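Data block below; observations after.
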Amino acid sequence: MSGNGELPMRDRSFAPSRALIYLIVTLFAAACLAPLLVVVLNSLRSNEEIAQSSMIGWPEHWAFGNYAMAWSGFCVAETCTGIRPYMLNSALITIPATIFSTLLGAVAGYAVSLWRFRGDVWIYGIVTLGLFLPQQMRLLPWTIVLRDIGLINTLSGLVLIHTIQGLSFTVLFCRNYYVAIPHELIRAARIDGAGFFRIFWRIILPLSAPILIVTVIWQFTHIWNEFLYGVTFTTGQQQPVTAALIALSTPVADIPKHGVQSAAVIIAALPTLLIYLFGGRYFVRGLTAGAVK
Amino acid sequence: MVRRLPEFLVIWVPLLLSAAHLISFSIWTIWISFTPSTLVPVTGWVGLRNYNSVLASRNWQIAFDNLLLFGIAFVLLSLATGLLLAILLDQRIRGENVLRTIFLYPLAVSFVVTGTVWSWLLNPGIGIEKLVHDLGWMTFKFDWLVNRDMAIWTIVIAAIWQSSGFAMALFLAGLRSVDADIIRAAQIDGAGPFRTYWRVILPTLWPITVTVIVVQLQFAISAFDLVRALTNGGPGIATQLPALVVYDLMFQRSQLGRGAAAAVLMLLILLAVLLPYGAWRYVRQRRAAHA
């Protein structure tokens, strides 16, 4: 035991077994990366090459054409447009729903935490129950409501659903962030005659960058990756890319097209992977904030 | 009052919509579960008939058994993996940031993607088994995906691959917040590293452990996308899970009443996990407030 370090035990005392530590974490890291590597390599192999050997292998001839095929030529169900229209659908659902739910959640979180009004504790409590209520409990009512307001099988319908349901998360995130802001700040501004929106705009919003980034990343990732509502409320050309991927992996003909399918999987996963790579810190913060609830 | 109308609207409309949809949709689904609805929702009252028929169906029984096995195996294994990785990463190793990024990236990927990829890897005809055969070991067998008895374990594998990083992230945060003085005191008492972990550090992690268990169970109970992409409940109905039964009844067999009953049963299973957790948190907070 070295005993003079700041945290002696974590310092050097494990020295004999350090090689073992590195070995284990490297093995786990390899296991984590292997599926991604396999798919990336497959996306660069021709369908025939994969059919002759297995899904796991090094490309003999680089087949970059898979990406073009997956993007705009591959047949999903009976339409041969590649996954481009479905990627566009996902973007048209995810971006507006993320923006709406984040903005509304920020204002509501600010109202609940700093402005206070009659019944705020109750309504906040009910809204956060949405974190727990399974989607299955809302499937039939949403189907009926969307049909009645004419939004079934539309992208707007999914934007509406994700905005309303996303509020449970965004209000929680923002409220928990804003309660830490000193009330004196708000009180002083109110004495100076500033109103609800003025205080939000001038004081709260400039302080909000970290939590807004966390919220946007969280919402974007969740809505982009969502599948159940997409597959239930839309069909054919209106489906988001997660639903299209399922349709795509059950090919109509018996000829497997694993090279092109792998390319499609990579394209579909790319937006959230990139967000994770560039905003990893905020992603993890959202993860832990969502967990502690 | 009129001057305050905009703020009134912007605060209340979203909150009320959110709260109202949660309450009314829950009541609505519960109500449908007591009606004889099939293709469309109808009024009427059949008591617990839908519940009895769901509970008596082989589909639900298999789904429930699978949920027990999947839930327990997945939670225990992902806890163990997450804790091991967190402890190893906490040993001041080089490249911690890179490793953490690697362990957590699966969480950014959709379950549909994860399920699709693992369905390829585990498919004996094109995946790992085929690779090993091509390498010359012809008797090698790894056919869990198409084996009725083992197929549920493929879902466990894919789920652990996707979410042990979550357990790791929470445990690592917990380990980093352990008071250095406690550790030092243990070492002055002559405790070795393993003993220090077992007796001193790990006991401080149990509140985090409970949280991880609850979050992972919540995922397991409502798991749908992953199973849909990986096995679609098959072979046969060997990997059926409650969420798939709900979907199947509602949208494939047009049994809305029974589908709603299955959804309510899912909610009850979830409450069996969440209510004790809520009570535990409440007691802890009360105690912390008094201390």
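Residues in the structure tokens are numbered from 1 in each chain, the chains being A, B, ... in the order shown, and ligands are numbered from 1 in the order shown.
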Polymer residues at most 7 Å from A:Ala243, only C-alpha atoms, same-chain spacing of 5 or more positions, as a PDB file with N, CA and C atoms, in the first residue's frame:
ATOM      1  N   PHE A 227     -39.938   3.418 -32.576  1.00  0.00           N
ATOM      2  CA  PHE A 227     -40.417   2.469 -33.578  1.00  0.00           C
ATOM      3  C   PHE A 227     -41.913   2.164 -33.462  1.00  0.00           C
ATOM      4  N   GLY A 230     -44.334   4.743 -34.849  1.00  0.00           N
ATOM      5  CA  GLY A 230     -44.095   4.865 -36.279  1.00  0.00           C
ATOM      6  C   GLY A 230     -44.739   3.740 -37.055  1.00  0.00           C
ATOM      7  N   VAL A 231     -44.599   2.522 -36.539  1.00  0.00           N
ATOM      8  CA  VAL A 231     -45.109   1.374 -37.280  1.00  0.00           C
ATOM      9  C   VAL A 231     -46.619   1.243 -37.104  1.00  0.00           C
TER      10      VAL A 231
END
Exercise. Once you count only C-alpha atoms, which residues of chain B turn out to be within 6 Å of chain A? Could you give them as a list of chain:residue names?
Worked result: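 Output check: B:Ile11, B:Ser18, B:Ala19, B:Phe25, B:Ser26, B:Gln91, B:Ala108, B:Ser110, B:Ile126, B:Gly127, B:Lys130, B:Leu131, B:Ala263.
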Take the residues just selected and output them with N, CA and C atoms as a PDB file, in the first residue's frame.
ATOM      1  N   ILE B  11     -48.164  28.416 -20.636  1.00  0.00           N
ATOM      2  CA  ILE B  11     -47.878  27.527 -19.504  1.00  0.00           C
ATOM      3  C   ILE B  11     -48.887  26.380 -19.472  1.00  0.00           C
ATOM      4  N   SER B  18     -50.630  17.499 -21.814  1.00  0.00           N
ATOM      5  CA  SER B  18     -49.820  16.360 -21.400  1.00  0.00           C
ATOM      6  C   SER B  18     -50.510  15.599 -20.265  1.00  0.00           C
ATOM      7  N   ALA B  19     -50.902  16.322 -19.219  1.00  0.00           N
ATOM      8  CA  ALA B  19     -51.538  15.662 -18.069  1.00  0.00           C
ATOM      9  C   ALA B  19     -52.857  15.021 -18.482  1.00  0.00           C
ATOM     10  N   PHE B  25     -56.158   8.884 -21.443  1.00  0.00           N
ATOM     11  CA  PHE B  25     -55.793   7.720 -22.249  1.00  0.00           C
ATOM     12  C   PHE B  25     -55.713   6.461 -21.392  1.00  0.00           C
ATOM     13  N   SER B  26     -55.204   6.613 -20.167  1.00  0.00           N
ATOM     14  CA  SER B  26     -55.144   5.445 -19.286  1.00  0.00           C
ATOM     15  C   SER B  26     -56.549   4.949 -18.983  1.00  0.00           C
ATOM     16  N   GLN B  91      -9.956   2.491 -12.010  1.00  0.00           N
ATOM     17  CA  GLN B  91      -8.586   2.210 -11.551  1.00  0.00           C
ATOM     18  C   GLN B  91      -7.563   3.151 -12.179  1.00  0.00           C
ATOM     19  N   ALA B 108     -26.952   4.967 -28.042  1.00  0.00           N
ATOM     20  CA  ALA B 108     -27.399   5.985 -28.994  1.00  0.00           C
ATOM     21  C   ALA B 108     -28.050   5.357 -30.223  1.00  0.00           C
ATOM     22  N   SER B 110     -30.701   2.782 -32.217  1.00  0.00           N
ATOM     23  CA  SER B 110     -32.067   2.314 -31.968  1.00  0.00           C
ATOM     24  C   SER B 110     -32.091   0.804 -31.766  1.00  0.00           C
ATOM     25  N   ILE B 126     -25.848 -17.532 -41.690  1.00  0.00           N
ATOM     26  CA  ILE B 126     -24.985 -16.481 -42.231  1.00  0.00           C
ATOM     27  C   ILE B 126     -24.089 -15.840 -41.176  1.00  0.00           C
ATOM     28  N   GLY B 127     -24.300 -16.168 -39.893  1.00  0.00           N
ATOM     29  CA  GLY B 127     -23.598 -15.446 -38.838  1.00  0.00           C
ATOM     30  C   GLY B 127     -22.400 -16.179 -38.272  1.00  0.00           C
ATOM     31  N   LYS B 130     -21.804 -19.899 -39.186  1.00  0.00           N
ATOM     32  CA  LYS B 130     -21.298 -20.065 -40.548  1.00  0.00           C
ATOM     33  C   LYS B 130     -19.819 -19.700 -40.626  1.00  0.00           C
ATOM     34  N   LEU B 131     -19.445 -18.619 -39.935  1.00  0.00           N
ATOM     35  CA  LEU B 131     -18.043 -18.196 -39.946  1.00  0.00           C
ATOM     36  C   LEU B 131     -17.149 -19.305 -39.412  1.00  0.00           C
ATOM     37  N   ALA B 263     -52.640  -4.763 -22.275  1.00  0.00           N
ATOM     38  CA  ALA B 263     -51.893  -3.540 -21.969  1.00  0.00           C
ATOM     39  C   ALA B 263     -52.032  -3.189 -20.495  1.00  0.00           C
TER      40      ALA B 263
END
Problem set entry | Within 6 Å of B:Gly71 using only C-alpha atoms, minus same-chain residues under 4 positions, as a ChimeraX atom specification | /B:67,75,220
Would you output that residue set with N, CA and C atoms, as an mmCIF file, in the first residue's frame?
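Wrote it out as selection_19.cif, contents follow:
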data_model
loop_
_atom_site.group_PDB
_atom_site.id
_atom_site.type_symbol
_atom_site.label_atom_id
_atom_site.label_comp_id
_atom_site.auth_asym_id
_atom_site.auth_seq_id
_atom_site.Cartn_x
_atom_site.Cartn_y
_atom_site.Cartn_z
ATOM 1 N N LEU B 67 -40.867 -13.111 -19.920
ATOM 2 C CA LEU B 67 -40.554 -11.842 -19.279
ATOM 3 C C LEU B 67 -39.812 -12.066 -17.966
ATOM 4 N N VAL B 75 -31.335 -8.175 -16.181
ATOM 5 C CA VAL B 75 -30.991 -7.213 -15.126
ATOM 6 C C VAL B 75 -29.735 -7.661 -14.378
ATOM 7 N N ALA B 220 -37.301 -3.811 -19.670
ATOM 8 C CA ALA B 220 -37.598 -5.211 -19.989
ATOM 9 C C ALA B 220 -39.098 -5.429 -20.125
#
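Picture a line from atom CA of B:Gly257 to atom CA of B:Pro41; it runs 7.7 Å.
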Problem set entry | Backbone-only DSSP, helix (DSSP H, G or I) members of stretch 43-138 of chain A, as a PyMOL selection string | chain A and resi 47-52+65-72+84-115+120-129+135-137
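Atom CA of B:Ser78 is positioned 12.7 Å from atom CA of B:Ile155.
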Exercise. Of the residues A:Asn42, A:Ser113, A:Thr215, A:Gln238, which is the one nearest to A:Asn176, using only C-alpha atoms?
Worked result: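 Ranked by minimum distance to A:Asn176, first place goes to A:Ser113.
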Identify, on the basis of only C-alpha atoms, every residue whose closest approach to B:Ile160 does not exceed 7 Å; exclude the query and any residue fewer than 4 positions from it along the same chain; express the result as a PDB file with N, CA and C atoms, in the first residue's frame.
ATOM      1  N   PHE B  74     -31.449 -10.554 -17.718  1.00  0.00           N
ATOM      2  CA  PHE B  74     -30.933  -9.313 -18.292  1.00  0.00           C
ATOM      3  C   PHE B  74     -30.498  -8.346 -17.199  1.00  0.00           C
ATOM      4  N   SER B  78     -26.597  -7.465 -16.737  1.00  0.00           N
ATOM      5  CA  SER B  78     -26.157  -6.112 -17.088  1.00  0.00           C
ATOM      6  C   SER B  78     -25.659  -5.375 -15.849  1.00  0.00           C
ATOM      7  N   VAL B 156     -31.584 -11.655 -24.520  1.00  0.00           N
ATOM      8  CA  VAL B 156     -30.772 -11.256 -23.367  1.00  0.00           C
ATOM      9  C   VAL B 156     -29.415 -10.726 -23.846  1.00  0.00           C
ATOM     10  N   SER B 164     -25.655  -2.418 -21.027  1.00  0.00           N
ATOM     11  CA  SER B 164     -24.802  -2.462 -19.821  1.00  0.00           C
ATOM     12  C   SER B 164     -24.044  -1.162 -19.634  1.00  0.00           C
TER      13      SER B 164
END
For this session: Mind checking which residues fall within 9 Å of A:Ile186, counting only C-alpha atoms, ignoring those fewer than 4 positions away in the same chain, and posting them as a PyMOL selection string?
Result: chain A and resi 114-115+181-182+190-191+199+203
Selection to disk with C-alpha atoms, as a JSON list (two decimals), in the first residue's frame:
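part-v1.json, freshly written:
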[["chain", "number", "residue", "atom", "x", "y", "z"],
["A", 114, "LEU", "CA", -39.56, 29.75, -10.53],
["A", 115, "TRP", "CA", -42.88, 31.41, -11.23],
["A", 181, "ILE", "CA", -31.47, 29.24, -9.99],
["A", 182, "PRO", "CA", -31.74, 31.60, -7.00],
["A", 190, "ARG", "CA", -40.13, 41.32, -10.95],
["A", 191, "ILE", "CA", -39.71, 44.30, -8.67],
["A", 199, "ILE", "CA", -37.58, 37.31, -17.38],
["A", 203, "ILE", "CA", -32.50, 35.92, -17.50]]
Problem set entry | For A:Val159: contacts at 7 Å, only C-alpha atoms, fewer than 5 positions along chain excluded, given as a PyMOL selection string | chain A and resi 93+96-97
Write the selection just made, keeping C-alpha atoms, as a short mmCIF file (atom, residue, chain, number, x, y, z; two decimals), in the first residue's frame?
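Once written, result.cif looks like this:
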data_model
loop_
_atom_site.label_atom_id
_atom_site.label_comp_id
_atom_site.auth_asym_id
_atom_site.auth_seq_id
_atom_site.Cartn_x
_atom_site.Cartn_y
_atom_site.Cartn_z
CA ILE A 93 -40.85 14.09 -37.55
CA PRO A 96 -40.02 19.75 -35.32
CA ALA A 97 -41.03 17.48 -32.42
#
For this session: With a distance cut-off of 8 Å and only C-alpha atoms, select the neighbouring residues of B:Ala169, excluding the residue or stretch itself and same-chain residues fewer than 4 positions from it, and output the selection as a list in words.
Result: Val284 and Thr288 of chain A; Gly82, Ala86, Leu104, Gly165 and Ala173 of chain B
Preceding selection exported with N, CA and C atoms as a CSV table (one decimal), in the first residue's frame:
chain,number,residue,atom,x,y,z
A,284,VAL,N,-24.7,11.7,-21.9
A,284,VAL,CA,-24.6,10.9,-20.7
A,284,VAL,C,-25.4,11.7,-19.6
A,288,THR,N,-28.4,10.1,-17.2
A,288,THR,CA,-28.4,10.0,-15.7
A,288,THR,C,-29.6,10.8,-15.2
B,82,GLY,N,-22.0,-4.0,-15.9
B,82,GLY,CA,-21.8,-2.6,-15.7
B,82,GLY,C,-20.9,-2.3,-14.5
B,86,ALA,N,-17.3,-0.5,-14.5
B,86,ALA,CA,-17.2,0.7,-13.7
B,86,ALA,C,-16.0,0.6,-12.8
B,104,LEU,N,-20.6,3.2,-24.2
B,104,LEU,CA,-21.9,3.8,-24.1
B,104,LEU,C,-22.5,4.0,-25.5
B,165,GLY,N,-23.8,-0.4,-20.7
B,165,GLY,CA,-23.1,0.9,-20.6
B,165,GLY,C,-23.9,1.8,-19.7
B,173,ALA,N,-20.3,7.0,-11.8
B,173,ALA,CA,-20.6,8.2,-11.1
B,173,ALA,C,-20.7,8.0,-9.6
Problem set entry | Residue nearest A:Gly286 - candidates B:Val210, B:Leu107, B:Ala261, B:Leu122, atoms counted: only C-alpha atoms |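 For A:Gly286, the nearest of the given residues is B:Leu107.
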Problem set entry | Pick from A:Leu92, A:Ile204, A:Cys75, A:Ala263 nearest to A:Gln239, counting only C-alpha atoms | A:Leu92
Within 12 Å of stretch 145-151 of chain A, which residues of stretch 10-32 of chain B show up? Give each one with its shortest atom-to-atom distance in Å (one decimal) and the two atoms involved, counting only C-alpha atoms, rows by chain then rising residue number, as a Markdown table.
| residue | atom | partner | partner_atom | distance |
| --- | --- | --- | --- | --- |
| B:His21 | CA | A:Val145 | CA | 10.5 |
| B:Ser24 | CA | A:Val145 | CA | 11.7 |
| B:Phe25 | CA | A:Val145 | CA | 10.1 |
| B:Trp28 | CA | A:Val145 | CA | 11.4 |
